[in-house]
Structures are given as C-alpha cells and as structure tokens.
>>> print(open('data.cif').read())   # mmCIF, C-alpha atoms and all ligand atoms
data_coords
loop_
_atom_site.group_PDB
_atom_site.id
_atom_site.type_symbol
_atom_site.label_atom_id
_atom_site.label_comp_id
_atom_site.auth_asym_id
_atom_site.auth_seq_id
_atom_site.Cartn_x
_atom_site.Cartn_y
_atom_site.Cartn_z
ATOM 1 C CA ASN U 14 -2.238 34.004 -1.024
ATOM 2 C CA ASP U 15 -1.962 31.805 -4.072
ATOM 3 C CA LEU U 16 -0.496 29.055 -1.873
ATOM 4 C CA LYS U 17 2.948 29.561 -3.417
ATOM 5 C CA LEU U 18 6.100 29.375 -1.372
ATOM 6 C CA ASP U 19 7.365 32.879 -0.547
ATOM 7 C CA LEU U 20 11.105 32.461 0.007
ATOM 8 C CA ASP U 21 11.587 36.124 0.976
ATOM 9 C CA ASP U 22 8.967 35.704 3.673
ATOM 10 C CA LEU U 23 10.704 32.546 4.876
ATOM 11 C CA LYS U 24 14.021 34.447 5.069
ATOM 12 C CA ARG U 25 12.397 37.248 7.042
ATOM 13 C CA ARG U 26 11.047 34.780 9.608
ATOM 14 C CA ILE U 27 14.470 33.393 10.513
ATOM 15 C CA THR U 28 15.776 34.790 13.785
ATOM 16 C CA PRO U 29 19.006 34.148 15.692
ATOM 17 C CA ARG U 30 17.054 31.595 17.739
ATOM 18 C CA THR U 31 15.971 29.550 14.693
ATOM 19 C CA ARG U 32 17.522 26.091 14.676
ATOM 20 C CA LEU U 33 15.271 23.935 12.507
ATOM 21 C CA LEU U 34 13.341 24.340 9.295
ATOM 22 C CA MET U 35 10.292 22.082 8.901
ATOM 23 C CA VAL U 36 9.357 21.353 5.309
ATOM 24 C CA SER U 37 6.235 19.551 4.165
ATOM 25 C CA ASN U 38 6.586 18.430 0.545
ATOM 26 C CA PRO U 39 4.198 17.583 -1.085
ATOM 27 C CA HIS U 40 2.617 20.158 1.132
ATOM 28 C CA ASN U 41 -0.194 19.478 3.553
ATOM 29 C CA PRO U 42 -2.630 21.312 3.435
ATOM 30 C CA SER U 43 -2.054 23.285 0.205
ATOM 31 C CA GLY U 44 -1.384 20.257 -2.020
ATOM 32 C CA ARG U 45 1.636 21.977 -3.596
ATOM 33 C CA VAL U 46 4.534 19.960 -5.000
ATOM 34 C CA PHE U 47 7.524 22.258 -4.605
ATOM 35 C CA THR U 48 9.636 22.793 -7.685
ATOM 36 C CA ARG U 49 13.352 22.077 -7.754
ATOM 37 C CA GLU U 50 13.965 25.855 -7.783
ATOM 38 C CA GLU U 51 11.824 26.385 -4.687
ATOM 39 C CA LEU U 52 13.610 23.537 -2.903
ATOM 40 C CA GLU U 53 16.989 24.948 -3.903
ATOM 41 C CA GLY U 54 15.858 28.241 -2.359
ATOM 42 C CA ILE U 55 14.944 26.461 0.885
ATOM 43 C CA GLY U 56 18.312 24.677 0.822
ATOM 44 C CA GLN U 57 20.174 27.944 0.376
ATOM 45 C CA ILE U 58 18.333 29.520 3.320
ATOM 46 C CA ALA U 59 19.135 26.471 5.475
ATOM 47 C CA LYS U 60 22.806 26.688 4.503
ATOM 48 C CA ASP U 61 23.102 30.460 4.949
ATOM 49 C CA ASN U 62 21.621 30.216 8.441
ATOM 50 C CA ASN U 63 23.177 26.884 9.368
ATOM 51 C CA LEU U 64 19.792 25.297 10.046
ATOM 52 C CA PHE U 65 18.898 21.682 10.521
ATOM 53 C CA VAL U 66 16.004 20.578 8.270
ATOM 54 C CA PHE U 67 13.177 18.127 8.828
ATOM 55 C CA SER U 68 11.605 17.258 5.490
ATOM 56 C CA ASP U 69 8.271 15.475 5.782
ATOM 57 C CA GLU U 70 7.704 13.735 2.444
ATOM 58 C CA LEU U 71 4.897 11.398 3.435
ATOM 59 C CA TYR U 72 2.797 12.340 0.389
ATOM 60 C CA GLU U 73 5.564 11.647 -2.155
ATOM 61 C CA ASP U 74 3.482 8.919 -3.848
ATOM 62 C CA MET U 75 0.186 10.817 -3.965
ATOM 63 C CA ILE U 76 0.917 13.137 -6.881
ATOM 64 C CA PHE U 77 -1.406 14.297 -9.665
ATOM 65 C CA GLU U 78 0.809 16.878 -11.356
ATOM 66 C CA GLY U 79 4.419 17.901 -10.972
ATOM 67 C CA ARG U 80 7.357 15.768 -9.949
ATOM 68 C CA HIS U 81 8.384 15.094 -6.391
ATOM 69 C CA VAL U 82 11.996 16.028 -5.696
ATOM 70 C CA SER U 83 13.325 14.926 -2.357
ATOM 71 C CA LEU U 84 14.925 17.924 -0.667
ATOM 72 C CA ALA U 85 17.958 16.028 0.652
ATOM 73 C CA SER U 86 18.746 14.726 -2.829
ATOM 74 C CA LEU U 87 19.667 18.198 -4.093
ATOM 75 C CA ASN U 88 23.222 18.360 -2.787
ATOM 76 C CA ALA U 89 25.625 16.926 -0.229
ATOM 77 C CA ASN U 90 25.354 19.916 2.101
ATOM 78 C CA LEU U 91 21.569 19.562 2.299
ATOM 79 C CA PHE U 92 21.801 15.805 2.742
ATOM 80 C CA GLU U 93 24.028 16.313 5.763
ATOM 81 C CA ARG U 94 21.664 18.756 7.460
ATOM 82 C CA THR U 95 18.345 17.056 6.608
ATOM 83 C CA LEU U 96 16.254 14.334 8.204
ATOM 84 C CA SER U 97 13.762 13.099 5.583
ATOM 85 C CA ALA U 98 10.630 11.228 6.646
ATOM 86 C CA PHE U 99 8.739 8.821 4.386
ATOM 87 C CA GLY U 100 5.958 6.415 5.172
ATOM 88 C CA PHE U 101 3.154 4.114 4.142
ATOM 89 C CA SER U 102 0.206 5.594 5.990
ATOM 90 C CA LYS U 103 -0.917 7.968 3.241
ATOM 91 C CA ALA U 104 -0.614 6.524 -0.271
ATOM 92 C CA PHE U 105 -0.941 2.946 0.940
ATOM 93 C CA GLY U 106 -3.620 3.731 3.500
ATOM 94 C CA ILE U 107 -2.160 1.783 6.405
ATOM 95 C CA PRO U 108 -1.831 4.399 9.182
ATOM 96 C CA GLY U 109 -2.802 1.808 11.799
ATOM 97 C CA PHE U 110 0.394 -0.137 11.204
ATOM 98 C CA ARG U 111 2.491 2.783 12.473
ATOM 99 C CA ILE U 112 5.370 2.148 10.111
ATOM 100 C CA ALA U 113 7.496 4.799 8.419
ATOM 101 C CA TYR U 114 11.171 5.545 7.937
ATOM 102 C CA ILE U 115 13.715 8.308 8.180
ATOM 103 C CA VAL U 116 16.619 8.820 5.794
ATOM 104 C CA CYS U 117 19.581 10.846 7.033
ATOM 105 C CA HIS U 118 23.345 11.089 7.108
ATOM 106 C CA GLY U 119 24.863 8.302 9.207
ATOM 107 C CA LYS U 120 26.345 10.780 11.665
ATOM 108 C CA HIS U 121 22.871 11.591 13.042
ATOM 109 C CA MET U 122 21.890 7.971 13.609
ATOM 110 C CA GLN U 123 23.267 7.446 17.098
ATOM 111 C CA GLU U 124 21.562 10.561 18.446
ATOM 112 C CA LEU U 125 18.348 9.736 16.607
ATOM 113 C CA LYS U 126 18.223 6.210 17.983
ATOM 114 C CA LYS U 127 18.784 7.537 21.492
ATOM 115 C CA ARG U 128 15.933 10.064 21.157
ATOM 116 C CA LEU U 129 13.478 7.745 19.448
ATOM 117 C CA HIS U 130 14.121 4.830 21.733
ATOM 118 C CA GLY U 131 11.630 5.910 24.370
ATOM 119 C CA MET U 132 9.076 7.177 21.856
ATOM 120 C CA ILE U 133 8.705 4.517 19.226
ATOM 121 C CA VAL U 134 7.856 1.092 20.514
ATOM 122 C CA HIS U 135 8.682 -1.005 17.470
ATOM 123 C CA ALA U 136 7.584 -1.706 13.935
ATOM 124 C CA ASP U 137 5.792 -5.013 14.468
ATOM 125 C CA THR U 138 6.220 -7.969 12.151
ATOM 126 C CA LEU U 139 2.847 -7.573 10.471
ATOM 127 C CA ALA U 140 3.548 -3.896 9.788
ATOM 128 C CA GLN U 141 6.902 -4.806 8.248
ATOM 129 C CA ALA U 142 5.216 -7.383 6.019
ATOM 130 C CA ALA U 143 2.580 -4.824 4.953
ATOM 131 C CA ALA U 144 5.243 -2.205 4.174
ATOM 132 C CA LYS U 145 7.267 -4.746 2.197
ATOM 133 C CA ALA U 146 4.161 -5.740 0.227
ATOM 134 C CA ALA U 147 3.457 -2.058 -0.510
ATOM 135 C CA LEU U 148 7.008 -1.512 -1.767
ATOM 136 C CA THR U 149 7.280 -4.673 -3.824
ATOM 137 C CA ASN U 150 3.723 -5.183 -5.139
ATOM 138 C CA GLY U 151 1.860 -1.959 -4.373
ATOM 139 C CA THR U 152 2.393 -0.029 -7.602
ATOM 140 C CA PRO U 153 -0.616 -1.354 -9.611
ATOM 141 C CA TRP U 154 -2.875 -0.726 -6.609
ATOM 142 C CA LEU U 155 -1.455 2.765 -6.169
ATOM 143 C CA LYS U 156 -2.014 3.568 -9.846
ATOM 144 C CA ARG U 157 -5.690 2.604 -9.532
ATOM 145 C CA LEU U 158 -6.017 4.618 -6.339
ATOM 146 C CA MET U 159 -4.589 7.713 -8.030
ATOM 147 C CA VAL U 160 -7.030 7.385 -10.946
ATOM 148 C CA HIS U 161 -9.874 7.333 -8.421
ATOM 149 C CA LEU U 162 -8.448 10.198 -6.357
ATOM 150 C CA ARG U 163 -7.993 12.363 -9.438
ATOM 151 C CA GLU U 164 -11.659 11.845 -10.312
ATOM 152 C CA MET U 165 -12.676 12.734 -6.752
ATOM 153 C CA ARG U 166 -10.417 15.810 -6.782
ATOM 154 C CA ASP U 167 -11.820 17.081 -10.081
ATOM 155 C CA TYR U 168 -15.406 16.376 -9.060
ATOM 156 C CA ALA U 169 -15.001 18.156 -5.702
ATOM 157 C CA ILE U 170 -13.374 21.185 -7.351
ATOM 158 C CA GLN U 171 -16.104 21.361 -9.960
ATOM 159 C CA ARG U 172 -18.808 21.338 -7.240
ATOM 160 C CA LEU U 173 -16.991 23.845 -5.022
ATOM 161 C CA SER U 174 -16.166 26.211 -7.858
ATOM 162 C CA ALA U 175 -19.852 26.375 -8.762
ATOM 163 C CA ILE U 176 -20.568 27.955 -5.343
ATOM 164 C CA PRO U 177 -20.288 31.758 -5.540
ATOM 165 C CA GLY U 178 -17.635 33.128 -3.192
ATOM 166 C CA VAL U 179 -15.565 29.942 -2.986
ATOM 167 C CA TRP U 180 -11.988 30.070 -4.229
ATOM 168 C CA CYS U 181 -10.345 26.673 -4.515
ATOM 169 C CA PRO U 182 -6.861 26.146 -5.944
ATOM 170 C CA VAL U 183 -6.252 22.798 -7.652
ATOM 171 C CA PRO U 184 -3.918 20.628 -5.516
ATOM 172 C CA GLN U 185 -1.028 18.960 -7.375
ATOM 173 C CA ALA U 186 -0.787 16.264 -4.692
ATOM 174 C CA THR U 187 -2.308 14.980 -1.404
ATOM 175 C CA PRO U 188 -5.993 14.102 -0.849
ATOM 176 C CA PHE U 189 -6.741 17.665 0.295
ATOM 177 C CA LEU U 190 -8.541 20.696 -1.024
ATOM 178 C CA PHE U 191 -7.850 23.948 0.794
ATOM 179 C CA PRO U 192 -10.579 26.322 -0.385
ATOM 180 C CA ASN U 193 -10.900 29.884 0.822
ATOM 181 C CA LEU U 194 -14.389 30.606 2.168
ATOM 182 C CA ALA U 195 -13.612 33.969 3.776
ATOM 183 C CA SER U 196 -16.308 35.682 1.720
ATOM 184 C CA PHE U 197 -18.981 33.939 3.826
ATOM 185 C CA GLY U 198 -18.068 36.161 6.773
ATOM 186 C CA MET U 199 -17.345 33.340 9.221
ATOM 187 C CA THR U 200 -14.013 32.410 10.750
ATOM 188 C CA SER U 201 -12.596 29.041 9.741
ATOM 189 C CA GLN U 202 -13.505 27.715 13.168
ATOM 190 C CA GLU U 203 -17.116 28.893 12.774
ATOM 191 C CA MET U 204 -17.345 27.430 9.287
ATOM 192 C CA THR U 205 -15.931 24.098 10.465
ATOM 193 C CA GLN U 206 -18.459 23.951 13.290
ATOM 194 C CA HIS U 207 -21.284 25.072 11.003
ATOM 195 C CA LEU U 208 -20.546 22.280 8.510
ATOM 196 C CA GLU U 209 -20.317 19.677 11.239
ATOM 197 C CA GLU U 210 -23.518 20.679 12.998
ATOM 198 C CA ASN U 211 -25.707 21.466 9.997
ATOM 199 C CA ALA U 212 -24.398 19.196 7.268
ATOM 200 C CA LYS U 213 -22.717 16.451 9.337
ATOM 201 C CA VAL U 214 -19.597 16.988 7.255
ATOM 202 C CA ILE U 215 -16.249 16.982 9.019
ATOM 203 C CA VAL U 216 -13.587 19.284 7.621
ATOM 204 C CA GLN U 217 -10.495 20.730 9.247
ATOM 205 C CA ASN U 218 -10.210 24.300 10.404
ATOM 206 C CA GLY U 219 -7.583 25.913 8.139
ATOM 207 C CA ALA U 220 -6.387 28.210 10.937
ATOM 208 C CA GLU U 221 -5.037 25.155 12.751
ATOM 209 C CA PHE U 222 -2.259 25.106 10.133
ATOM 210 C CA GLY U 223 -1.162 28.612 11.164
ATOM 211 C CA PRO U 224 -2.444 32.189 10.720
ATOM 212 C CA PRO U 225 -2.319 32.186 6.871
ATOM 213 C CA GLY U 226 -4.816 29.294 6.956
ATOM 214 C CA GLU U 227 -7.534 31.529 8.401
ATOM 215 C CA GLY U 228 -10.401 31.778 5.931
ATOM 216 C CA HIS U 229 -9.661 28.273 4.628
ATOM 217 C CA ILE U 230 -10.987 24.831 5.440
ATOM 218 C CA ARG U 231 -9.269 21.567 4.558
ATOM 219 C CA ILE U 232 -11.380 18.958 2.826
ATOM 220 C CA ASN U 233 -10.219 15.354 2.445
ATOM 221 C CA PHE U 234 -11.653 13.994 -0.809
ATOM 222 C CA ALA U 235 -10.210 10.465 -0.472
ATOM 223 C CA THR U 236 -13.531 8.717 -0.265
ATOM 224 C CA ALA U 237 -16.103 6.988 -2.451
ATOM 225 C CA TYR U 238 -17.988 9.023 -5.040
ATOM 226 C CA PRO U 239 -21.466 8.666 -3.402
ATOM 227 C CA VAL U 240 -20.064 9.915 -0.083
ATOM 228 C CA LEU U 241 -18.412 12.916 -1.725
ATOM 229 C CA ARG U 242 -21.505 13.722 -3.761
ATOM 230 C CA GLU U 243 -23.720 13.693 -0.668
ATOM 231 C CA ALA U 244 -21.227 15.846 1.293
HETATM 232 C C1 LIG S 1 2.380 15.646 6.117
HETATM 233 C C2 LIG S 1 2.089 14.627 7.197
HETATM 234 N N1 LIG S 1 3.117 14.043 7.832
HETATM 235 C C3 LIG S 1 2.913 13.142 8.813
HETATM 236 C C4 LIG S 1 1.648 12.778 9.194
HETATM 237 C C5 LIG S 1 1.493 11.744 10.266
HETATM 238 O O1 LIG S 1 1.241 10.522 9.683
HETATM 239 P P1 LIG S 1 0.767 9.274 10.565
HETATM 240 O O2 LIG S 1 -0.663 9.526 10.873
HETATM 241 O O3 LIG S 1 0.954 8.096 9.712
HETATM 242 O O4 LIG S 1 1.614 9.257 11.781
HETATM 243 C C6 LIG S 1 0.549 13.362 8.587
HETATM 244 C C7 LIG S 1 -0.804 12.963 8.998
HETATM 245 O O5 LIG S 1 -1.791 13.469 8.561
HETATM 246 C C8 LIG S 1 0.769 14.303 7.547
HETATM 247 O O6 LIG S 1 -0.267 14.877 6.905
#
>>> encode(input="data.cif", output="structure tokens", more="lines below")
Ligand SMILES: Cc1ncc(COP(=O)(O)O)c(C=O)c1O
Amino acid sequence: NDLKLDLDDLKRRITPRTRLLMVSNPHNPSGRVFTREELEGIGQIAKDNNLFVFSDELYEDMIFEGRHVSLASLNANLFERTLSAFGFSKAFGIPGFRIAYIVCHGKHMQELKKRLHGMIVHADTLAQAAAKAALTNGTPWLKRLMVHLREMRDYAIQRLSAIPGVWCPVPQATPFLFPNLASFGMTSQEMTQHLEENAKVIVQNGAEFGPPGEGHIRINFATAYPVLREA
C-alpha cells in the first residue's frame, strides 16, 4: 500500500517450485531505494529457500534520497547466489547503445556465456567507447542531470498533489512517479487510455507491473520543464 517492501508477504509467496527471486533496486516503478535491513531480509529469504537471485540495479545512479546498497555486496553467501545487472541506459541516457554488464561469482560465468551467446549479439565499439566515457567523465554531467530531475520530480508531485483524489508517494530514485488514481473510478488501463486519447499524454498502466499496481499509473518525469508543465 505505502509501496514498502513486505518481507512477510514475500515469504508467503515462496512455493516449493520457486527457484529465482527477481529484485529491482532502486525499484521500478515505485522509486524505492531498499534499505540495508530490507535487503538483508531478502538475502535471508533467498538463503533459507536456497533461491538464485537476479538483482536488477540499473537505476543505481539515479538517486535523490537514500543510499544504494548492492544486494550481492551484503555477504559471501548472497554474492554466490546473485546475478547483479548494471547498465548505462538509464542514468546516462544511452539505451540505444545496448550496453550493460552483469556481476556474478565466477562459477556462473561459463553457463551464463553459453546462454547469452545466442541472445546478445555484441557490445559494439562505439557503445564501449560511450560506456567508458560515462564511467570516466560522466559524473559532472550526471550531477547536473540529477539537479534537473529533482526539480522535475518536485514540480510534478506538487501539481499532482494539488488534484483532489490523487495520492502520490515521493520516489527516492528513478525518473518515475507512481500515483494512485483509484478514486477516479477507472481501472489503470482505462485511465491510461483516457490520458492518451484526451490529453495526448502517454503514461504506463500500473497494472502491467502486477496486480498491486492496479489503481496506479507510472509517469516518467525525465523531460524538459515546458513539456512537463503542459502535460
Ligand atoms: C529496472 C529496469 N531494468 C532493465 C530495463 C531494461 O533496460 P534497457 O532498455 O536498457 O534494456 C529497464 C527498462 O526500462 C528497467 O526499468
């Protein structure tokens, strides 16, 4: 409800058939940055149930509040059972280059290479140069981007909160707002369609993220101020 991680609920959802835990941190679409305690809770559940973990940390650099802790860094047991994904497409805005990386224990590498071989063509030379530039010289740019994004986040929340019936938690990370609009009496799908057809504003249907997302829409505020104001 309040977009917090419910570890008891997570435990209840594990069945004998569960093999893998998918973690999104910072979390898309809620914008939560999980605390060390929450991550330790996830790690304990993974250990108790002998689960493999895929930790998607693509938004690690897009943080307004809180501190990103990489799940696999917590302890050796978690490191061994976790594949962690990082990339450049979000904070550095280069999704077209299709370059990202996985960090994992060496023992998974052979299998991973075998599986990815047919799926991932290659990281081309230009993409590698762009990723290197982001890592070595991207910090000042990223700092300026985050100043802008924070302004856009605060402006969008201020406008949304002024609309009666809208409940919008403040995201700690990511370029997303995930307001609850259930009081308008439309499903998320209907609201998404309504906004597209009548306001020419594209948002994402919250229900696409799973049943708890019903009643929500996801808004991406990573744009220029005049665009956001008009939307
Ligand atoms: C949490 C998360 N992981 C991965 C991806 C995929 O990233 P890409 O588009 O660079 O493949 C997305 C895209 O929106 C995302 O939000």
>>> residues_around(input="data.cif", residues="Met199 (chain U)", least_positions_apart="4", cutoff="12 Å", atoms="all atoms listed in the file", output="NGL selection string")
:U and (193-195 or 203-208 or 218 or 227-230)
>>> residues_near_point(input="data.cif", point="(0.8, 15.9, -7.1)", cutoff="12 Å", atoms="only C-alpha atoms", output="ChimeraX atom specification")
/U:38-41,43-48,70,72-82,104,159,162-163,166,183-189
>>> residues_near_ligand(input="data.cif", ligand="ligand LIG 1 (chain S)", cutoff="8 Å", atoms="all atoms listed in the file", output="list in words")
Ser37, Asn38, Pro39, His40, Asn41, Pro42, Asp69, Glu70, Leu71, Tyr72, Gly100, Phe101, Ser102, Lys103, Ile107, Pro108, Gly109, Arg111, Ile112 and Ala113 of chain U
>>> closest_residue(input="data.cif", among="U:Ala142, U:Leu20, U:Ala235, U:Leu190", to="Val160 (chain U)", atoms="all atoms listed in the file")
U:Ala235
>>> closest_residue(input="data.cif", among="U:His121, U:Asn211, U:Phe105, U:Thr236", to="Leu148 (chain U)", atoms="all atoms listed in the file")
U:Phe105
>>> atom_distance(input="data.cif", atom1="CA of Met165 (chain U)", atom2="CA of Glu243 (chain U)")
12.6 Å
>>> resolve_selection(input="data.cif", expression="the PyMOL selection byres (((chain U and resi 115-120) around 6) and not hetatm)", output="list of chain:residue names")
U:Glu93, U:Leu96, U:Ser97, U:Ala98, U:Tyr114, U:His121, U:Met122
>>> atom_distance(input="data.cif", atom1="CA of Lys24 (chain U)", atom2="CA of Gly223 (chain U)")
17.4 Å
